[in-house]
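Take a look at the structure below.
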Amino acid sequence: MSDAEIEREVMDFDVLVVGGGPAGLSAAIRLKQKAPELSVCVVEKGSEIGAHILSGAVIETRGLDELIPDWKAKGAPIGTPVSEDRFVFLTRARALPLPTPPTMHNAGNYVVSLGALCRWLAQEAEALGVDVFPGFAAAGPLVEDGRVVGVLTGDMGRQADGAPGPNFQPGVELRARTTLVAEGCRGSLAEDLIERFALAKDCQPQTYGLGIKELWDIDPARHKPGLVMHSVGWPLSPDAYGGSFVYHAENNQVAIGFVVGLDYRNPHLSPFDEFQRFKTHPAIRGMLAGGKRVGFGARALAEGGYQSIPKLTFPGGALIGDCAGFVNVPKIKGTHTAMMSGILAADATAAALAAAPAEAVGVTPDLYPVKMQDSWVIEELRAVRNIRPSFRLGLWAGMAYSALDAYILRGAAPWTFAHHVDRTRLLPAAETRPIDYPRPDGELTFDRASSVYLASTAHDEAQPCHLVLADPRLAVTQNLAVYGGPEEKYCPAGVYEFEREGENAPRLRINPSNCVHCKTCDIKDPRRNIRWTVPEGGSGPNYPNM
């Protein structure tokens, strides 16, 4: 059977939302609040809502207050108020307290599981009549006459060579009058649309971080509900941007994580191993002593902020949430801004559909960028726009400028710093210092294999590899020969490994079944040789409480 002969089911909706995270679910809920007569569908590539959600997370409820003002009475899973803020500079043996910057104050905020919150939002959406379809991966846009009229979901049951297998199930054409894309950071559909419609031509390039997180059950005597701690410094060298978070949640559980800016220069650096090394610091080792690691995950974060926001609308739809880059990096939060972008996009979509003929498809919510520009989201992001790029000169310069910006300029500087493309920052391996990472002990520090096991990641190994090399030769002739094989180091899940057997030429082995969908390879490969494409729906990690 050729692809041209495949018959696909067609489903029609007024609005299609791609992505079941906080932005997409907020948009769906708001649409049904504003216009109950609209048919609204949310598709999510994870096996269930929340399966692919990974965040710290400390949440500011500003967006939720706007969407569902009575969320407390309705039982939203937001129950651990922040009790204390700490900000420290780490040396190898000490934790030196620093003044907590104004942007990082958390009074009135909550430590939450963002996955649990999204599951609750999905229940609220379904109660309003939204169709929520987990396990449906948007493989590409449906474009007619230059306008997006929906998406095609991925096929199920293809064989490794791409041919339909014995249990083949074709994807579905999900058609909509308006399509809202809310895939999260570096979404493949969003990247397709950004390139197809040149949405990023008038903004700075996006810059990213890789966040790695573990959940620990710790000794009740060491648990301090609501304690929020962030750190900079050790184990990273001053020329690499990054830091840690430690959030004490409920039930004697701690979320601990590490973020490394993907503009780092040393190809020997391994964000996963930097995180493991961080846990050996006396301040962290003591807190985790006697505890047990119960969860692991990793995800890229959009860190470009205000100057990296692309054009938000395309013919037939809009970008919302983190795929458009609404994270407030100095505040270390993005859920409240993502939710508000979904709310404003929904308002604009409802108005656009009400004004369009009933049979019109590919309707663009033109008022959405206007609403965003007038919102507190853009005001908040513009005020902190220079803090992240100030660290391109190193930790000390970045901290000095951040203090100047926070306490004196207060975000009102007449200049805007630029960003750079992360993959272009790597130096050749010969020009950099190798890093000797200690072996994991299996109690406090761990290897990639045991970590991936905790992520419960799963892919049908018979399906085509979703990690595509534009030119397989470059992996050896460029990445390995020049940069020392950085994909072995930047991938937190052990997806990439170079096989070196005797006198045979080395070759890159890809283990797609390990992939936790962090998207780092799609960002950091120095020649843009690795492209992350969507695997079958339901594949990937299954985070229960991240």
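Residues are referred to by chain and number: the chain letter is A, B, ... according to the order shown in the structure tokens, the number counts from 1 in that chain, and ligands are numbered separately from 1 in the order shown.
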
- May I have the residues within 7 Å of Asn109 in chain A as a list in words, using only C-alpha atoms and disregarding those fewer than 3 positions away in the same chain?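 Final neighbour list, sorted by chain and number: Val58, Ile59, Glu60, Thr61, Pro81, Val82 and Asn106 of chain A.
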
Kindly save the residues from that selection, with N, CA and C atoms included, as a PDB file, in the first residue's frame.
```
ATOM      1  N   VAL A  58       7.416  25.811  40.769  1.00  0.00           N
ATOM      2  CA  VAL A  58       6.770  26.778  41.646  1.00  0.00           C
ATOM      3  C   VAL A  58       5.876  27.618  40.755  1.00  0.00           C
ATOM      4  N   ILE A  59       4.599  27.698  41.096  1.00  0.00           N
ATOM      5  CA  ILE A  59       3.648  28.369  40.228  1.00  0.00           C
ATOM      6  C   ILE A  59       3.152  29.667  40.865  1.00  0.00           C
ATOM      7  N   GLU A  60       3.123  30.699  40.045  1.00  0.00           N
ATOM      8  CA  GLU A  60       2.422  31.940  40.362  1.00  0.00           C
ATOM      9  C   GLU A  60       1.026  31.797  39.773  1.00  0.00           C
ATOM     10  N   THR A  61       0.000  32.017  40.546  1.00  0.00           N
ATOM     11  CA  THR A  61      -1.364  31.656  40.116  1.00  0.00           C
ATOM     12  C   THR A  61      -2.057  32.739  39.303  1.00  0.00           C
ATOM     13  N   PRO A  81       2.057  26.074  49.904  1.00  0.00           N
ATOM     14  CA  PRO A  81       2.516  27.456  49.738  1.00  0.00           C
ATOM     15  C   PRO A  81       4.002  27.584  50.040  1.00  0.00           C
ATOM     16  N   VAL A  82       4.669  28.447  49.306  1.00  0.00           N
ATOM     17  CA  VAL A  82       6.085  28.699  49.560  1.00  0.00           C
ATOM     18  C   VAL A  82       6.237  29.321  50.944  1.00  0.00           C
ATOM     19  N   ASN A 106       9.024  34.621  46.112  1.00  0.00           N
ATOM     20  CA  ASN A 106       7.940  33.660  45.880  1.00  0.00           C
ATOM     21  C   ASN A 106       6.796  33.764  46.883  1.00  0.00           C
TER      22      ASN A 106
END
```

List as JSON lines every residue of range 416-535 of chain A that is in contact with range 380-399 of chain A, defined as an atom at most 12 Å from one of its atoms (using only C-alpha atoms), together with the nearest atom pair and the distance in Å rounded to one decimal, sorted by chain and then rising number.
```
{"residue": "A:Thr416", "atom": "CA", "partner": "A:Asn386", "partner_atom": "CA", "distance": 6.1}
{"residue": "A:Phe417", "atom": "CA", "partner": "A:Asn386", "partner_atom": "CA", "distance": 5.6}
{"residue": "A:Ala418", "atom": "CA", "partner": "A:Pro389", "partner_atom": "CA", "distance": 6.7}
{"residue": "A:His419", "atom": "CA", "partner": "A:Pro389", "partner_atom": "CA", "distance": 6.1}
{"residue": "A:His420", "atom": "CA", "partner": "A:Pro389", "partner_atom": "CA", "distance": 8.9}
{"residue": "A:Val421", "atom": "CA", "partner": "A:Pro389", "partner_atom": "CA", "distance": 11.9}
{"residue": "A:Asp422", "atom": "CA", "partner": "A:Arg392", "partner_atom": "CA", "distance": 11.1}
{"residue": "A:Arg425", "atom": "CA", "partner": "A:Arg392", "partner_atom": "CA", "distance": 10.5}
```

Resulting file, chosen residues, C-alpha atoms, as a PDB file, in the first residue's frame:
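So the final result, stored in selection-v9.pdb, reads:
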```pdb
ATOM      1  CA  THR A 416      18.205  45.381  24.455  1.00  0.00           C
ATOM      2  CA  PHE A 417      20.913  42.746  24.415  1.00  0.00           C
ATOM      3  CA  ALA A 418      21.051  40.194  21.599  1.00  0.00           C
ATOM      4  CA  HIS A 419      21.086  36.389  21.680  1.00  0.00           C
ATOM      5  CA  HIS A 420      23.048  33.851  19.667  1.00  0.00           C
ATOM      6  CA  VAL A 421      22.242  30.467  18.130  1.00  0.00           C
ATOM      7  CA  ASP A 422      23.194  27.882  20.764  1.00  0.00           C
ATOM      8  CA  ARG A 425      28.789  28.282  20.382  1.00  0.00           C
TER       9      ARG A 425
END
```

Sorted by chain and rising residue number, list the residues of range 70-121 of chain A at most 10 Å from range 229-234 of chain A (counting only C-alpha atoms), each with its closest atom pair and distance in Å to one decimal, as a Markdown table.
```
| residue | atom | partner | partner_atom | distance |
| --- | --- | --- | --- | --- |
| A:Glu84 | CA | A:Met229 | CA | 8.2 |
| A:Asp85 | CA | A:Met229 | CA | 6.0 |
| A:Arg86 | CA | A:Met229 | CA | 4.5 |
| A:Phe87 | CA | A:His230 | CA | 4.9 |
| A:Val88 | CA | A:Ser231 | CA | 4.8 |
| A:Phe89 | CA | A:Val232 | CA | 5.2 |
| A:Leu90 | CA | A:Gly233 | CA | 5.0 |
| A:Thr91 | CA | A:Trp234 | CA | 5.3 |
| A:Arg92 | CA | A:Trp234 | CA | 6.0 |
| A:Ala93 | CA | A:Trp234 | CA | 9.1 |
| A:Arg94 | CA | A:Trp234 | CA | 9.5 |
| A:Ala95 | CA | A:Ser231 | CA | 8.5 |
| A:Leu96 | CA | A:Ser231 | CA | 9.4 |
| A:Pro97 | CA | A:Ser231 | CA | 9.2 |
| A:Leu98 | CA | A:Ser231 | CA | 9.3 |
| A:Thr100 | CA | A:His230 | CA | 9.1 |
| A:Met104 | CA | A:His230 | CA | 9.1 |
```

- Task: Apply DSSP to the structure's backbone, then extract all residues of range 219-380 of chain A labelled strand (DSSP E) and return them as an MDAnalysis selection string.
- Result: chainID A and resid 227:233 242:248 253:261 292:302 313:314 317:319

- Task: Mind checking which residues fall within 7 Å of range 308-323 of chain A, counting only C-alpha atoms, ignoring those fewer than 6 positions away in the same chain, and posting them as JSON, numbers by chain?
- Result: {"A": [23, 147, 148, 149, 178, 179, 180, 181, 182, 183, 184, 185, 186, 187, 190, 197, 199, 200, 203, 204, 205, 206, 302, 338, 339, 341, 342, 362, 363, 364, 365, 369]}

Selection above as a file: C-alpha atoms, as a compact mmCIF listing (two decimals), in the first residue's frame:
```txt
# COMPACT_ATOMS: atom_id res chain seq x y z
CA ALA A 23 -1.32 26.91 27.60
CA ARG A 147 -3.58 28.58 5.16
CA VAL A 148 -3.41 26.03 7.97
CA VAL A 149 -6.69 24.11 8.17
CA THR A 178 -8.59 27.78 13.63
CA THR A 179 -5.56 25.86 14.90
CA LEU A 180 -3.77 26.86 18.11
CA VAL A 181 -0.31 25.32 18.56
CA ALA A 182 0.69 24.78 22.21
CA GLU A 183 3.33 22.04 22.01
CA GLY A 184 5.76 23.47 24.54
CA CYS A 185 9.43 24.23 24.01
CA ARG A 186 10.81 23.38 20.55
CA GLY A 187 7.62 21.73 19.36
CA ALA A 190 5.63 24.90 15.80
CA PHE A 197 5.74 31.23 7.42
CA LEU A 199 7.61 33.88 11.81
CA ALA A 200 11.07 34.45 13.35
CA CYS A 203 13.20 38.60 16.25
CA GLN A 204 16.37 37.44 17.95
CA PRO A 205 17.22 33.72 17.75
CA GLN A 206 15.78 31.62 20.54
CA ALA A 302 13.05 28.41 26.01
CA ALA A 338 1.77 30.34 29.19
CA MET A 339 -1.73 30.14 30.63
CA SER A 341 -1.21 33.51 26.37
CA GLY A 342 -3.73 30.69 25.94
CA GLY A 362 -8.10 28.83 8.23
CA VAL A 363 -9.32 31.78 10.32
CA THR A 364 -6.49 33.75 11.94
CA PRO A 365 -7.01 35.26 15.43
CA PRO A 369 -0.79 39.73 19.10
```

- Taking the chain letters and numbering used in this document, name the residues of range 400-476 of chain A that DSSP puts in helix (DSSP H, G or I), as JSON, numbers by chain. {"A": [400, 401, 402, 403, 404, 405, 406, 407, 408, 409, 422, 423, 424, 425, 429, 430, 431, 448, 449, 450, 451, 452, 453, 454, 474, 475, 476]}

Export of the given selection (N, CA and C atoms) as a tab-separated table (two decimals), in the first residue's frame:
```tsv
chain	number	residue	atom	x	y	z
A	400	ALA	N	26.65	40.81	38.04
A	400	ALA	CA	26.80	42.25	38.25
A	400	ALA	C	25.75	43.03	37.47
A	401	TYR	N	25.57	42.65	36.20
A	401	TYR	CA	24.57	43.37	35.41
A	401	TYR	C	23.16	43.11	35.95
A	402	SER	N	22.88	41.89	36.37
A	402	SER	CA	21.55	41.56	36.89
A	402	SER	C	21.22	42.40	38.11
A	403	ALA	N	22.21	42.62	38.99
A	403	ALA	CA	21.99	43.47	40.16
A	403	ALA	C	21.71	44.90	39.74
A	404	LEU	N	22.48	45.39	38.76
A	404	LEU	CA	22.25	46.74	38.24
A	404	LEU	C	20.85	46.87	37.66
A	405	ASP	N	20.46	45.87	36.87
A	405	ASP	CA	19.15	45.91	36.21
A	405	ASP	C	18.01	45.82	37.22
A	406	ALA	N	18.16	44.96	38.22
A	406	ALA	CA	17.08	44.72	39.17
A	406	ALA	C	16.90	45.87	40.15
A	407	TYR	N	18.00	46.45	40.62
A	407	TYR	CA	17.92	47.41	41.73
A	407	TYR	C	18.01	48.87	41.29
A	408	ILE	N	18.61	49.13	40.13
A	408	ILE	CA	18.79	50.52	39.71
A	408	ILE	C	18.01	50.82	38.42
A	409	LEU	N	18.29	50.06	37.36
A	409	LEU	CA	17.59	50.30	36.09
A	409	LEU	C	16.14	49.85	36.14
A	422	ASP	N	22.46	28.71	19.80
A	422	ASP	CA	23.19	27.88	20.76
A	422	ASP	C	24.18	26.93	20.10
A	423	ARG	N	23.79	26.31	18.98
A	423	ARG	CA	24.64	25.28	18.38
A	423	ARG	C	25.94	25.86	17.81
A	424	THR	N	25.96	27.16	17.55
A	424	THR	CA	27.17	27.76	16.98
A	424	THR	C	28.22	28.07	18.04
A	425	ARG	N	27.90	27.86	19.31
A	425	ARG	CA	28.79	28.28	20.38
A	425	ARG	C	29.85	27.24	20.74
A	429	ALA	N	36.91	20.35	20.30
A	429	ALA	CA	37.32	19.64	21.51
A	429	ALA	C	38.78	19.92	21.86
A	430	ALA	N	39.61	20.07	20.86
A	430	ALA	CA	41.04	20.28	21.10
A	430	ALA	C	41.33	21.61	21.78
A	431	GLU	N	40.39	22.55	21.71
A	431	GLU	CA	40.59	23.88	22.29
A	431	GLU	C	40.00	24.00	23.69
A	448	ARG	N	22.74	7.02	33.39
A	448	ARG	CA	21.64	7.36	32.51
A	448	ARG	C	20.61	6.23	32.40
A	449	ALA	N	21.08	4.99	32.36
A	449	ALA	CA	20.17	3.86	32.16
A	449	ALA	C	19.14	3.76	33.28
A	450	SER	N	19.59	3.85	34.53
A	450	SER	CA	18.64	3.76	35.64
A	450	SER	C	17.73	4.97	35.68
A	451	SER	N	18.21	6.11	35.20
A	451	SER	CA	17.40	7.32	35.18
A	451	SER	C	16.29	7.21	34.14
A	452	VAL	N	16.63	6.73	32.95
A	452	VAL	CA	15.62	6.55	31.91
A	452	VAL	C	14.54	5.56	32.37
A	453	TYR	N	14.96	4.56	33.11
A	453	TYR	CA	13.99	3.60	33.65
A	453	TYR	C	12.95	4.31	34.51
A	454	LEU	N	13.38	5.27	35.33
A	454	LEU	CA	12.44	5.99	36.19
A	454	LEU	C	11.52	6.91	35.39
A	474	LEU	N	28.24	13.10	8.79
A	474	LEU	CA	28.68	14.24	9.60
A	474	LEU	C	28.86	13.87	11.06
A	475	ALA	N	28.13	12.86	11.52
A	475	ALA	CA	28.27	12.46	12.92
A	475	ALA	C	29.71	12.08	13.24
A	476	VAL	N	30.39	11.46	12.27
A	476	VAL	CA	31.78	11.03	12.49
A	476	VAL	C	32.77	12.07	11.99
```

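The interatomic distance for the pair CA of Arg531 in chain A and CA of Pro472 in chain A works out to 11.7 Å.
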
- Query: So which one's closest to Gly334 in chain A, A:Pro544, A:Gly305, A:Thr280, A:Gln463? Using only C-alpha atoms, please.
  - Reply: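 Closest to Gly334 in chain A, using only C-alpha atoms: A:Gly305.
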
How close does range 285-325 of chain A get to range 501-524 of chain A? List, as a tab-separated table, each residue of range 285-325 of chain A within 8 Å, its nearest atom pair and the distance in Å to one decimal, counting only C-alpha atoms.
```
residue	atom	partner	partner_atom	distance
A:Gly297	CA	A:Val516	CA	7.2
A:Ala298	CA	A:Cys518	CA	5.6
A:Arg299	CA	A:Cys518	CA	4.0
A:Ala300	CA	A:Cys518	CA	5.3
```

Selected residues written out, C-alpha atoms, as a CSV table (one decimal), in the first residue's frame:
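Okay, result_16.csv is ready:
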```
chain,number,residue,atom,x,y,z
A,297,GLY,CA,13.0,13.6,33.7
A,298,ALA,CA,14.6,16.1,31.3
A,299,ARG,CA,13.3,18.9,29.1
A,300,ALA,CA,14.6,21.9,27.1
```
